[in-house]
file structure-v4.txt (compact mmCIF, C-alpha atoms)
# COMPACT_ATOMS: atom_id res chain seq x y z
CA MET A 459 -14.73 -25.32 -11.87
CA PRO A 460 -13.44 -21.69 -12.09
CA GLN A 461 -13.64 -19.97 -15.46
CA ASP A 462 -10.26 -20.09 -17.23
CA PHE A 463 -8.54 -17.00 -18.62
CA THR A 464 -7.63 -18.30 -22.08
CA LYS A 465 -4.95 -17.25 -24.57
CA GLU A 466 -7.65 -15.72 -26.79
CA MET A 467 -8.88 -13.59 -23.89
CA LYS A 468 -5.48 -11.93 -23.65
CA LYS A 469 -6.33 -10.21 -26.97
CA THR A 470 -10.01 -9.50 -26.35
CA HIS A 471 -10.48 -8.97 -22.59
CA THR A 472 -9.73 -6.06 -20.25
CA ILE A 473 -8.57 -7.08 -16.77
CA LEU A 474 -10.20 -4.98 -14.02
CA CYS A 475 -8.14 -4.32 -10.89
CA PRO A 476 -9.20 -2.49 -7.70
CA ASP A 477 -7.26 0.63 -6.76
CA ILE A 478 -5.25 -0.77 -3.85
CA PHE A 479 -2.15 1.48 -3.96
CA PRO A 480 -2.73 4.81 -5.72
CA THR A 481 0.32 5.78 -7.85
CA HIS A 482 1.78 2.27 -7.56
CA MET A 483 -1.17 0.70 -9.39
CA GLU A 484 -0.74 2.96 -12.42
CA LEU A 485 2.89 1.87 -12.68
CA LEU A 486 1.96 -1.80 -12.30
CA ARG A 487 -0.52 -1.26 -15.11
CA GLY A 488 2.45 -0.31 -17.29
CA ILE A 489 4.11 -3.67 -16.51
CA PHE A 490 0.96 -5.55 -17.54
CA LEU A 491 0.82 -3.57 -20.79
CA MET A 492 4.48 -4.43 -21.40
CA TYR A 493 3.55 -8.13 -21.25
CA GLY A 494 0.55 -7.75 -23.54
CA TYR A 495 -2.29 -7.63 -20.97
CA ARG A 496 -4.88 -4.86 -21.04
CA LEU A 497 -5.48 -3.77 -17.45
CA ASP A 498 -7.68 -0.98 -16.06
CA VAL A 499 -7.31 0.28 -12.48
CA LEU A 500 -10.77 1.05 -11.07
CA HIS A 501 -11.32 4.37 -9.32
CA TYR A 502 -15.00 4.07 -8.39
CA GLU A 503 -15.79 5.45 -4.93
CA GLY A 504 -18.76 6.45 -2.83
CA LYS A 505 -21.72 4.94 -1.03
CA GLN A 506 -22.99 3.14 -4.13
CA VAL A 507 -19.77 1.09 -4.31
CA ILE A 508 -19.93 0.20 -0.60
CA ASP A 509 -23.61 -0.76 -0.94
CA THR A 510 -22.76 -2.96 -3.93
CA GLY A 511 -20.08 -4.73 -1.91
CA LEU A 512 -22.43 -5.24 1.02
CA LYS A 513 -25.19 -6.56 -1.26
CA TYR A 514 -23.16 -9.33 -2.85
CA LEU A 515 -20.62 -10.21 -0.12
CA HIS A 516 -21.06 -11.59 3.38
CA ASN A 517 -21.80 -8.64 5.67
CA ASP A 518 -19.27 -9.89 8.24
CA ILE A 519 -16.39 -9.85 5.77
CA CYS A 520 -13.63 -7.30 6.32
CA TYR A 521 -13.96 -3.72 5.15
CA PRO A 522 -11.08 -3.93 2.60
CA ALA A 523 -12.97 -6.77 0.85
CA ILE A 524 -16.17 -4.73 0.75
CA CYS A 525 -14.29 -1.80 -0.82
CA SER A 526 -12.00 -3.56 -3.29
CA LEU A 527 -14.38 -6.30 -4.41
CA GLY A 528 -17.20 -3.77 -4.37
CA GLN A 529 -15.29 -1.70 -6.95
CA GLN A 530 -15.03 -4.72 -9.26
CA ILE A 531 -18.66 -5.79 -8.90
CA TYR A 532 -19.79 -2.20 -9.41
CA ALA A 533 -17.72 -2.00 -12.62
CA LEU A 534 -19.71 -4.94 -14.00
CA GLN A 535 -23.03 -3.31 -13.12
CA CYS A 536 -22.52 0.35 -14.02
CA GLY A 537 -22.40 -0.18 -17.80
CA ASP A 538 -18.86 1.04 -18.40
CA TYR A 539 -17.68 -2.40 -19.51
CA ASP A 540 -18.96 -5.29 -21.65
CA VAL A 541 -19.24 -8.11 -19.12
CA HIS A 542 -18.39 -10.62 -21.86
CA LYS A 543 -15.02 -8.95 -22.50
CA VAL A 544 -13.64 -8.42 -19.00
CA ALA A 545 -11.80 -10.44 -16.37
CA LEU A 546 -11.22 -9.59 -12.71
CA ILE A 547 -7.93 -9.83 -10.86
CA MET A 548 -7.21 -10.01 -7.14
CA PHE A 549 -4.17 -10.50 -4.93
CA GLN A 550 -4.29 -13.70 -2.87
CA THR A 551 -1.97 -13.96 0.13
CA GLY A 552 -2.35 -17.65 0.91
CA GLY A 553 -1.79 -16.89 4.61
CA GLY A 554 -3.97 -16.48 7.67
CA CYS A 555 -5.61 -13.29 6.41
CA ARG A 556 -9.14 -13.33 5.02
CA ALA A 557 -7.58 -11.97 1.81
CA SER A 558 -6.85 -15.63 1.04
CA ASN A 559 -10.61 -16.03 0.53
CA TYR A 560 -11.31 -12.92 -1.57
CA ILE A 561 -11.16 -14.96 -4.79
CA TRP A 562 -13.86 -17.36 -3.60
CA LEU A 563 -16.05 -14.54 -2.30
CA LEU A 564 -15.81 -12.81 -5.66
CA ARG A 565 -16.64 -15.98 -7.60
CA ARG A 566 -19.63 -16.68 -5.37
CA ALA A 567 -20.88 -13.12 -5.91
CA LEU A 568 -20.52 -13.52 -9.68
CA LYS A 569 -22.46 -16.78 -9.56
CA ASN A 570 -25.29 -15.12 -7.62
CA MET A 571 -25.32 -12.33 -10.22
CA GLY A 572 -25.45 -14.79 -13.13
CA LEU A 573 -21.99 -13.66 -14.25
CA ASP A 574 -19.94 -16.72 -13.35
CA PHE A 575 -18.58 -16.76 -16.93
CA VAL A 576 -16.35 -13.79 -15.98
CA PRO A 577 -12.80 -15.09 -15.24
CA VAL A 578 -11.26 -14.23 -11.87
CA ILE A 579 -7.45 -14.24 -11.86
CA SER A 580 -5.47 -14.84 -8.67
CA ILE A 581 -2.09 -13.17 -8.16
CA SER A 582 0.00 -14.85 -5.48
CA PHE A 583 3.66 -15.56 -4.82
CA SER A 584 2.78 -19.19 -4.11
CA GLY A 585 1.08 -19.80 -7.48
CA LEU A 586 -2.20 -21.01 -5.97
CA GLU A 587 -3.97 -21.10 -9.34
CA HIS A 588 -2.99 -21.55 -13.00
CA TYR A 589 -4.52 -20.26 -16.25
CA SER A 590 -3.91 -21.14 -19.89
CA GLY A 591 -3.69 -17.48 -20.98
CA PHE A 592 -2.25 -15.69 -17.94
CA HIS A 593 1.22 -16.43 -16.65
CA LEU A 594 2.89 -14.50 -13.84
CA THR A 595 6.52 -15.23 -14.66
CA PRO A 596 9.44 -14.62 -12.26
CA MET A 597 10.66 -11.82 -14.56
CA MET A 598 7.22 -10.20 -14.53
CA LEU A 599 7.21 -10.35 -10.72
CA LEU A 600 10.67 -8.76 -10.60
CA MET A 601 9.57 -5.97 -12.95
CA GLY A 602 6.46 -5.44 -10.82
CA ILE A 603 8.55 -5.06 -7.66
CA ARG A 604 10.77 -2.52 -9.43
CA ALA A 605 7.63 -0.59 -10.42
CA LEU A 606 6.55 -0.60 -6.75
CA VAL A 607 9.93 0.93 -5.79
CA TYR A 608 9.30 3.78 -8.22
CA GLY A 609 5.86 4.22 -6.63
CA ASP A 610 7.38 4.30 -3.15
CA MET A 611 9.83 7.01 -4.19
CA LEU A 612 7.11 9.14 -5.79
CA LEU A 613 4.93 8.74 -2.69
CA LEU A 614 7.77 9.72 -0.35
CA LEU A 615 8.81 12.77 -2.40
CA LYS A 616 5.27 14.01 -2.99
CA ASN A 617 4.32 13.77 0.67
CA GLN A 618 7.41 15.73 1.76
CA CYS A 619 7.12 18.41 -0.94
CA MET A 620 3.38 19.07 -1.18
CA PRO A 621 2.88 20.72 2.24
CA TYR A 622 5.69 23.21 1.57
CA GLU A 623 5.37 24.00 -2.14
CA LYS A 624 5.01 27.69 -3.01
CA THR A 625 2.75 26.93 -5.97
CA SER A 626 0.04 24.44 -5.07
CA GLY A 627 -0.18 21.37 -7.29
CA GLN A 628 3.41 21.21 -8.51
CA ALA A 629 4.29 18.03 -6.59
CA GLN A 630 1.19 16.18 -7.81
CA ALA A 631 1.82 17.33 -11.38
CA LEU A 632 5.36 16.00 -11.16
CA VAL A 633 4.03 12.64 -9.92
CA GLN A 634 1.75 12.40 -12.97
CA LYS A 635 4.62 13.41 -15.26
CA TRP A 636 6.80 10.61 -13.88
CA ILE A 637 4.01 8.02 -14.06
CA GLN A 638 3.62 8.82 -17.76
CA ARG A 639 7.38 8.86 -18.35
CA LEU A 640 7.90 5.52 -16.64
CA THR A 641 4.91 3.92 -18.37
CA ASP A 642 6.34 5.02 -21.72
CA GLN A 643 9.70 3.53 -20.74
CA PHE A 644 8.08 0.24 -19.72
CA GLN A 645 6.32 0.04 -23.11
CA HIS A 646 9.75 0.13 -24.75
CA ARG A 647 11.20 -2.26 -22.13
CA ARG A 648 13.35 0.46 -20.58
CA GLY A 649 13.72 1.83 -17.05
CA LEU A 650 13.87 -1.54 -15.32
CA THR A 651 17.57 -2.46 -15.42
CA ASN A 652 19.73 -1.62 -12.38
CA ALA A 653 21.54 1.20 -14.19
CA SER A 654 18.44 2.81 -15.70
CA MET A 655 16.62 2.52 -12.38
CA ARG A 656 19.38 4.31 -10.52
CA LYS A 657 19.35 7.06 -13.16
CA ASN A 658 15.56 7.46 -13.00
CA LEU A 659 15.54 7.59 -9.19
CA GLN A 660 18.32 10.19 -9.13
CA GLU A 661 16.53 12.39 -11.69
CA MET A 662 13.26 11.97 -9.81
CA VAL A 663 14.71 13.21 -6.52
CA LYS A 664 16.49 16.08 -8.26
CA GLU A 665 13.27 17.32 -9.90
CA PHE A 666 11.32 17.23 -6.63
CA HIS A 667 14.22 19.01 -4.92
CA GLN A 668 13.89 21.81 -7.48
CA ILE A 669 10.24 22.53 -6.61
CA PRO A 670 10.21 26.00 -4.93
CA LYS A 671 9.29 25.56 -1.28
CA CYS A 672 8.68 27.77 1.73
CA SER A 673 9.46 27.19 5.40
CA ARG A 674 6.47 26.19 7.51
CA SER A 675 6.05 24.73 10.97
CA LEU A 676 3.67 21.82 10.46
CA ILE A 677 2.45 18.93 12.58
CA LYS A 678 4.08 15.69 11.38
CA VAL A 679 1.81 12.65 11.18
CA GLY A 680 2.72 9.03 10.43
CA ILE A 681 0.16 6.60 8.99
CA VAL A 682 0.36 2.87 9.74
CA GLY A 683 -2.16 0.04 9.89
CA GLU A 684 -3.78 -2.53 7.62
CA ILE A 685 -2.27 -2.35 4.14
CA TYR A 686 -5.45 -1.46 2.21
CA VAL A 687 -6.85 1.32 4.37
CA LYS A 688 -3.32 2.66 4.96
CA TYR A 689 -2.92 3.49 1.25
CA SER A 690 -6.35 3.58 -0.40
CA SER A 691 -8.10 6.96 -0.36
CA PHE A 692 -11.39 5.11 -0.88
CA GLY A 693 -10.72 2.86 2.10
CA ASN A 694 -9.64 5.64 4.48
CA ASN A 695 -12.14 8.34 3.45
CA ASN A 696 -9.48 10.53 1.84
CA LEU A 697 -7.35 10.62 4.97
CA GLU A 698 -4.39 12.24 3.22
CA LYS A 699 -6.54 15.02 1.79
CA PHE A 700 -8.01 15.70 5.23
CA LEU A 701 -4.57 15.84 6.89
CA ALA A 702 -3.40 18.28 4.21
CA SER A 703 -6.42 20.49 4.92
CA GLN A 704 -5.43 20.51 8.61
CA GLY A 705 -1.91 21.79 7.87
CA CYS A 706 -0.02 18.53 8.37
CA GLU A 707 2.93 16.81 6.77
CA TYR A 708 2.32 13.08 6.69
CA MET A 709 4.43 10.04 5.93
CA ILE A 710 3.30 6.56 4.87
CA PRO A 711 5.82 3.69 4.83
CA GLY A 712 6.51 2.21 1.39
CA VAL A 713 5.00 -0.92 -0.18
CA LEU A 714 8.51 -2.39 -0.57
CA GLY A 715 8.66 -2.70 3.22
CA PHE A 716 5.54 -4.88 3.21
CA LEU A 717 7.11 -7.14 0.56
CA GLN A 718 10.30 -7.39 2.60
CA TYR A 719 8.16 -8.32 5.59
CA CYS A 720 6.56 -11.14 3.56
CA PHE A 721 9.99 -12.37 2.43
CA ALA A 722 11.38 -12.24 5.98
CA ASN A 723 8.43 -14.28 7.24
CA MET A 724 9.51 -17.21 5.06
CA ASP A 725 12.46 -17.58 7.42
CA ILE A 726 10.17 -17.22 10.46
CA ASP A 727 7.91 -19.96 9.09
CA TYR A 728 10.91 -22.28 8.86
CA ARG A 729 12.40 -21.45 12.27
CA TYR A 730 9.16 -21.27 14.28
CA TYR A 731 6.58 -23.38 12.51
CA GLY A 732 8.43 -26.14 10.63
CA GLY A 733 8.22 -24.52 7.21
CA ASN A 734 9.88 -25.64 4.00
CA ARG A 735 13.67 -25.19 3.72
CA LEU A 736 13.44 -24.41 -0.03
CA ILE A 737 10.89 -21.66 0.58
CA ARG A 738 13.13 -20.26 3.31
CA THR A 739 16.03 -20.11 0.82
CA GLY A 740 13.77 -18.38 -1.69
CA GLY A 741 12.87 -15.83 0.99
CA HIS A 742 16.54 -15.12 1.67
CA ILE A 743 17.18 -14.57 -2.05
CA ALA A 744 14.13 -12.30 -2.35
CA GLU A 745 15.25 -10.30 0.71
CA PHE A 746 18.69 -9.85 -0.84
CA MET A 747 17.22 -8.57 -4.12
CA ALA A 748 14.80 -6.24 -2.29
CA ARG A 749 17.72 -4.91 -0.24
CA LYS A 750 19.52 -3.95 -3.46
CA LEU A 751 16.47 -1.98 -4.63
CA GLU A 752 16.22 -0.35 -1.20
CA GLN A 753 19.88 0.68 -1.43
CA ALA A 754 19.25 2.29 -4.84
CA MET A 755 16.49 4.41 -3.29
CA LEU A 756 18.62 5.44 -0.32
CA ALA A 757 21.58 6.30 -2.57
CA ALA A 758 19.38 8.58 -4.71
CA LEU A 759 18.10 10.39 -1.59
CA LYS A 760 21.48 10.77 0.13
CA PRO A 761 22.60 14.00 -1.69
CA TYR A 762 19.36 15.71 -0.60
CA PRO A 763 19.20 15.67 3.22
CA GLU A 764 15.98 17.73 3.20
CA PHE A 765 14.13 14.49 2.41
CA ALA A 766 13.63 12.06 5.29
CA ALA A 767 14.70 8.71 3.84
CA PRO A 768 13.18 5.40 4.96
CA ALA A 769 15.27 3.38 7.38
CA PRO A 770 16.88 0.21 5.99
CA PHE A 771 14.59 -2.75 6.56
CA GLU A 772 17.19 -4.43 8.76
CA LYS A 773 16.85 -1.52 11.20
CA LEU A 774 13.06 -1.81 11.09
CA LYS A 775 13.40 -5.47 12.10
CA LYS A 776 15.46 -4.48 15.13
CA LEU A 777 12.94 -1.81 16.12
CA ALA A 778 10.13 -4.35 15.89
CA ASP A 779 12.11 -6.78 18.06
CA THR A 780 12.06 -4.25 20.92
CA VAL A 781 8.25 -4.35 20.93
CA ILE A 782 7.03 -7.78 19.83
CA ASP A 783 8.34 -11.20 18.77
CA ARG A 784 8.62 -11.82 15.04
CA GLY A 785 6.57 -14.98 15.42
CA VAL A 786 3.54 -12.64 15.46
CA LYS A 787 3.08 -12.38 11.71
CA MET A 788 -0.62 -12.60 10.89
CA GLY A 789 -1.84 -9.56 8.96
CA GLU A 790 0.72 -6.77 9.37
CA GLY A 791 2.06 -8.51 12.49
CA TRP A 792 5.44 -7.28 13.70
CA LEU A 793 5.74 -4.92 10.74
CA LEU A 794 3.16 -2.57 12.25
CA PRO A 795 5.05 -1.76 15.51
CA GLY A 796 8.31 -1.68 13.54
CA GLU A 797 6.96 0.96 11.14
CA THR A 798 5.42 2.90 14.02
CA ALA A 799 8.74 3.00 15.90
CA GLU A 800 10.59 4.07 12.75
CA LEU A 801 8.17 6.94 12.10
CA ILE A 802 8.37 8.15 15.70
CA GLU A 803 12.18 8.14 15.62
CA LYS A 804 12.04 10.17 12.38
CA GLY A 805 9.99 12.89 14.09
CA TYR A 806 6.52 11.78 12.95
CA THR A 807 5.41 11.38 16.54
CA ASN A 808 1.68 11.66 15.84
CA ILE A 809 0.62 8.24 14.61
CA ILE A 810 -2.68 7.25 13.01
CA CYS A 811 -3.18 3.48 13.08
CA ALA A 812 -5.82 2.70 10.44
CA GLN A 813 -7.94 -0.23 11.62
CA PRO A 814 -10.56 -1.74 9.24
CA PHE A 815 -13.61 -3.65 10.41
CA GLY A 816 -13.12 -7.41 10.34
CA CYS A 817 -9.31 -7.42 10.28
CA LEU A 818 -8.75 -9.29 13.54
CA PRO A 819 -4.94 -9.67 13.24
CA ASN A 820 -4.57 -5.95 12.63
CA HIS A 821 -6.81 -5.02 15.56
CA ILE A 822 -5.04 -7.39 17.93
CA VAL A 823 -1.53 -6.29 16.99
CA GLY A 824 -2.30 -2.64 16.22
CA LYS A 825 -4.13 -1.91 19.46
CA GLY A 826 -2.18 -4.45 21.48
CA VAL A 827 1.22 -2.82 20.96
CA ILE A 828 0.16 0.79 21.66
CA ARG A 829 0.89 0.54 25.38
CA SER A 830 4.39 -0.88 24.77
CA LEU A 831 5.12 1.80 22.19
CA ARG A 832 3.96 4.57 24.53
CA LEU A 833 6.20 3.24 27.28
CA ARG A 834 9.14 3.21 24.88
CA TYR A 835 8.24 6.58 23.32
CA PRO A 836 6.47 8.66 26.01
CA HIS A 837 6.23 11.66 23.69
CA ALA A 838 4.36 9.67 21.01
CA ASN A 839 0.75 10.54 20.24
CA ILE A 840 -0.79 7.28 18.89
CA PHE A 841 -4.45 7.12 17.84
CA PRO A 842 -6.22 4.06 16.32
CA ILE A 843 -8.93 5.07 13.83
CA ASP A 844 -11.61 2.52 12.87
CA TYR A 845 -12.89 2.23 9.31
CA ASP A 846 -16.02 0.25 8.42
CA PRO A 847 -19.10 0.55 6.17
CA GLY A 848 -21.18 2.21 8.87
CA ALA A 849 -18.49 4.45 10.36
CA SER A 850 -19.16 8.17 10.38
CA ARG A 851 -16.54 10.23 8.57
CA VAL A 852 -17.30 13.06 11.01
CA ASN A 853 -16.43 10.83 13.98
CA GLN A 854 -13.20 9.71 12.30
CA GLU A 855 -12.17 13.27 11.52
CA ASN A 856 -13.09 14.46 15.02
CA ARG A 857 -10.78 11.84 16.53
CA ILE A 858 -8.00 12.99 14.23
CA LYS A 859 -8.67 16.61 15.17
CA LEU A 860 -8.35 15.63 18.82
CA MET A 861 -4.97 14.04 18.08
CA LEU A 862 -3.86 17.18 16.23
CA ALA A 863 -5.07 19.44 19.06
CA ILE A 864 -2.90 17.49 21.51
CA ALA A 865 0.01 17.70 19.05
CA ARG A 866 -0.34 21.48 18.66
CA GLU A 867 -0.50 21.95 22.42
CA GLU A 868 2.67 19.92 22.88
CA GLN A 869 4.35 21.85 20.06
CA ALA A 870 3.43 25.17 21.70
CA ASN A 871 4.74 24.00 25.08
CA HIS A 872 7.98 22.86 23.45
CA GLU A 873 8.45 26.23 21.77
CA LYS A 874 7.85 28.04 25.06
CA THR A 875 10.46 25.85 26.77
CA ARG A 876 12.99 26.60 24.04
CA ALA A 877 12.29 30.36 24.31

call {"tool": "encode", "arguments": {"input": "structure-v4.txt", "output": "structure tokens"}}
result
Amino acid sequence: MPQDFTKEMKKTHTILCPDIFPTHMELLRGIFLMYGYRLDVLHYEGKQVIDTGLKYLHNDICYPAICSLGQQIYALQCGDYDVHKVALIMFQTGGGCRASNYIWLLRRALKNMGLDFVPVISISFSGLEHYSGFHLTPMMLLMGIRALVYGDMLLLLKNQCMPYEKTSGQAQALVQKWIQRLTDQFQHRRGLTNASMRKNLQEMVKEFHQIPKCSRSLIKVGIVGEIYVKYSSFGNNNLEKFLASQGCEYMIPGVLGFLQYCFANMDIDYRYYGGNRLIRTGGHIAEFMARKLEQAMLAALKPYPEFAAPAPFEKLKKLADTVIDRGVKMGEGWLLPGETAELIEKGYTNIICAQPFGCLPNHIVGKGVIRSLRLRYPHANIFPIDYDPGASRVNQENRIKLMLAIAREEQANHEKTRA
């Protein structure tokens, strides 16, 4: 029987969460604090964390599990926390992904370590588990999604400002300023209504617009792939930092798009696979609410055309339909080619598809659609990059350098043609 997270533990225990989406996780932490839960986002990295994950998990499990669960197990071993006053938390998809089994892997590891008294909390839209002292209410979920929208906006603005800023570090400093400002607002239950959200987003874009920038001709790179290694610097060996060092501007699609993909799949489940009509209706309602948040983002960006805004999710659906059927929905499924097509059409024609070891749906879809995408976009430069515990960072970076060398050659040829 799994260890319960009791009402008393809410006052005494710290919940440890892996760093899945940098920036976004700090904002989600503010939502947990608002509801009275103490949550720490773990930032442990390095070989010792990977080795810890490999030691206590099955060595054939996917790389994201080794990284994220490895962070949590390492936190219990490194001495930074009292193991009798912590709980662990993990997202649980409930779908065909191995992420559905992360909870059980973590509990088995804790049992083998003699720490099975540590509670493991599951977060899932389907409410797979229940606890006497932890309740993920619909309002808490809604607030969490709003926090993710703020994270998406900060990610988008930072990535488009940082490569061009005259004074290095201004964009990142502004991100930290807004994380603190929003967290303070959440503590006072502000910043999460429709009106206050629109105001915050507008001010956010205005402040990033005011960062002094210079004109540079940079290679534009889009990053797609499995959701963990796409965002996590630990999972992708600091891919963003490496691209910045190579003189690139990069774009990563927002987390809201992945949520919209999950909501849209509730309709696919009903139409293709005999799913529940009530769940389908819930998906339609969730899509409608997410669309309103998306519209708030786009409205805030509209007065500043220097920022490339994300395409509405409805357009992304149509782009995906030109490549693959929406019945293909395991892992990132049809979202991956949809995001790739969107990035290419926005000018980010050099695409890195981050592929983690053990993620079969991502490998099948990610690598399987490359040929179709290249036929549709002959000028696209698409490179899959594999990430796993034994992968050499040098090999990964050399493949990316090859992609960038091709991109620079094409850029030079284009400039000669225009001259």

call {"tool": "closest_residue", "arguments": {"input": "structure-v4.txt", "among": "A:Ile681, A:Val786, A:Leu714, A:Leu860", "to": "A:Glu800", "atoms": "only C-alpha atoms"}}
result
A:Ile681

call {"tool": "residues_around", "arguments": {"input": "structure-v4.txt", "residues": "A:Phe592", "least_positions_apart": "5", "cutoff": "12 Å", "atoms": "all atoms listed in the file", "output": "NGL selection string"}}
result
:A and (462-469 or 471 or 473 or 490 or 493-496 or 545 or 547 or 577-581 or 585 or 587 or 598)

call {"tool": "closest_atom_pairs", "arguments": {"input": "structure-v4.txt", "of": "stretch 724-791 of chain A", "to": "stretch 631-654 of chain A", "cutoff": "12 Å", "atoms": "all atoms listed in the file", "output": "CSV"}}
result
residue,atom,partner,partner_atom,distance
A:Met747,CA,A:Asn652,CA,11.1
A:Lys750,CA,A:Asn652,CA,9.2
A:Leu751,CA,A:Asn652,CA,8.4
A:Glu752,CA,A:Asn652,CA,11.8
A:Gln753,CA,A:Asn652,CA,11.2
A:Ala754,CA,A:Asn652,CA,8.5
A:Met755,CA,A:Asn652,CA,11.4

call {"tool": "residues_around", "arguments": {"input": "structure-v4.txt", "residues": "A:Glu684", "least_positions_apart": "6", "cutoff": "9 Å", "atoms": "all atoms listed in the file", "output": "ChimeraX atom specification"}}
result
/A:522,789-790,794,811-814,817,820-821,824

call {"tool": "residues_around", "arguments": {"input": "structure-v4.txt", "residues": "A:Arg784", "least_positions_apart": "3", "cutoff": "9 Å", "atoms": "all atoms listed in the file", "output": "list in words"}}
result
Asn723, Ile726, Lys775, Ala778, Asp779, Lys787, Gly791, Trp792 and Leu793 of chain A

call {"tool": "atom_distance", "arguments": {"input": "structure-v4.txt", "atom1": "atom CA of A:Ile840", "atom2": "atom CA of A:Met611"}}
result
25.4 Å

call {"tool": "decode", "arguments": {"input": "structure-v4.txt", "residues": "stretch 652-664 of chain A", "atoms": "N, CA and C atoms", "output": "PDB file, in the first residue's frame"}}
result
ATOM      1  N   ASN A 652      -8.297  37.082 -15.440  1.00  0.00           N
ATOM      2  CA  ASN A 652      -8.118  37.410 -16.858  1.00  0.00           C
ATOM      3  C   ASN A 652      -7.551  38.812 -17.039  1.00  0.00           C
ATOM      4  N   ALA A 653      -8.103  39.783 -16.303  1.00  0.00           N
ATOM      5  CA  ALA A 653      -7.666  41.169 -16.460  1.00  0.00           C
ATOM      6  C   ALA A 653      -6.235  41.367 -15.998  1.00  0.00           C
ATOM      7  N   SER A 654      -5.892  40.822 -14.819  1.00  0.00           N
ATOM      8  CA  SER A 654      -4.528  41.003 -14.309  1.00  0.00           C
ATOM      9  C   SER A 654      -3.514  40.255 -15.153  1.00  0.00           C
ATOM     10  N   MET A 655      -3.933  39.122 -15.733  1.00  0.00           N
ATOM     11  CA  MET A 655      -3.042  38.379 -16.614  1.00  0.00           C
ATOM     12  C   MET A 655      -2.725  39.160 -17.869  1.00  0.00           C
ATOM     13  N   ARG A 656      -3.754  39.741 -18.466  1.00  0.00           N
ATOM     14  CA  ARG A 656      -3.538  40.545 -19.672  1.00  0.00           C
ATOM     15  C   ARG A 656      -2.586  41.708 -19.369  1.00  0.00           C
ATOM     16  N   LYS A 657      -2.785  42.346 -18.218  1.00  0.00           N
ATOM     17  CA  LYS A 657      -1.927  43.472 -17.834  1.00  0.00           C
ATOM     18  C   LYS A 657      -0.483  43.019 -17.645  1.00  0.00           C
ATOM     19  N   ASN A 658      -0.289  41.914 -16.928  1.00  0.00           N
ATOM     20  CA  ASN A 658       1.070  41.393 -16.709  1.00  0.00           C
ATOM     21  C   ASN A 658       1.755  41.041 -18.023  1.00  0.00           C
ATOM     22  N   LEU A 659       1.039  40.355 -18.913  1.00  0.00           N
ATOM     23  CA  LEU A 659       1.627  39.955 -20.195  1.00  0.00           C
ATOM     24  C   LEU A 659       2.013  41.173 -21.027  1.00  0.00           C
ATOM     25  N   GLN A 660       1.163  42.192 -21.037  1.00  0.00           N
ATOM     26  CA  GLN A 660       1.462  43.406 -21.786  1.00  0.00           C
ATOM     27  C   GLN A 660       2.698  44.114 -21.231  1.00  0.00           C
ATOM     28  N   GLU A 661       2.786  44.219 -19.901  1.00  0.00           N
ATOM     29  CA  GLU A 661       3.951  44.855 -19.282  1.00  0.00           C
ATOM     30  C   GLU A 661       5.217  44.053 -19.521  1.00  0.00           C
ATOM     31  N   MET A 662       5.076  42.731 -19.496  1.00  0.00           N
ATOM     32  CA  MET A 662       6.206  41.840 -19.729  1.00  0.00           C
ATOM     33  C   MET A 662       6.804  42.075 -21.118  1.00  0.00           C
ATOM     34  N   VAL A 663       5.951  42.072 -22.139  1.00  0.00           N
ATOM     35  CA  VAL A 663       6.429  42.267 -23.505  1.00  0.00           C
ATOM     36  C   VAL A 663       7.054  43.654 -23.660  1.00  0.00           C
ATOM     37  N   LYS A 664       6.436  44.653 -23.066  1.00  0.00           N
ATOM     38  CA  LYS A 664       6.950  46.021 -23.157  1.00  0.00           C
ATOM     39  C   LYS A 664       8.355  46.121 -22.571  1.00  0.00           C
TER      40      LYS A 664
END
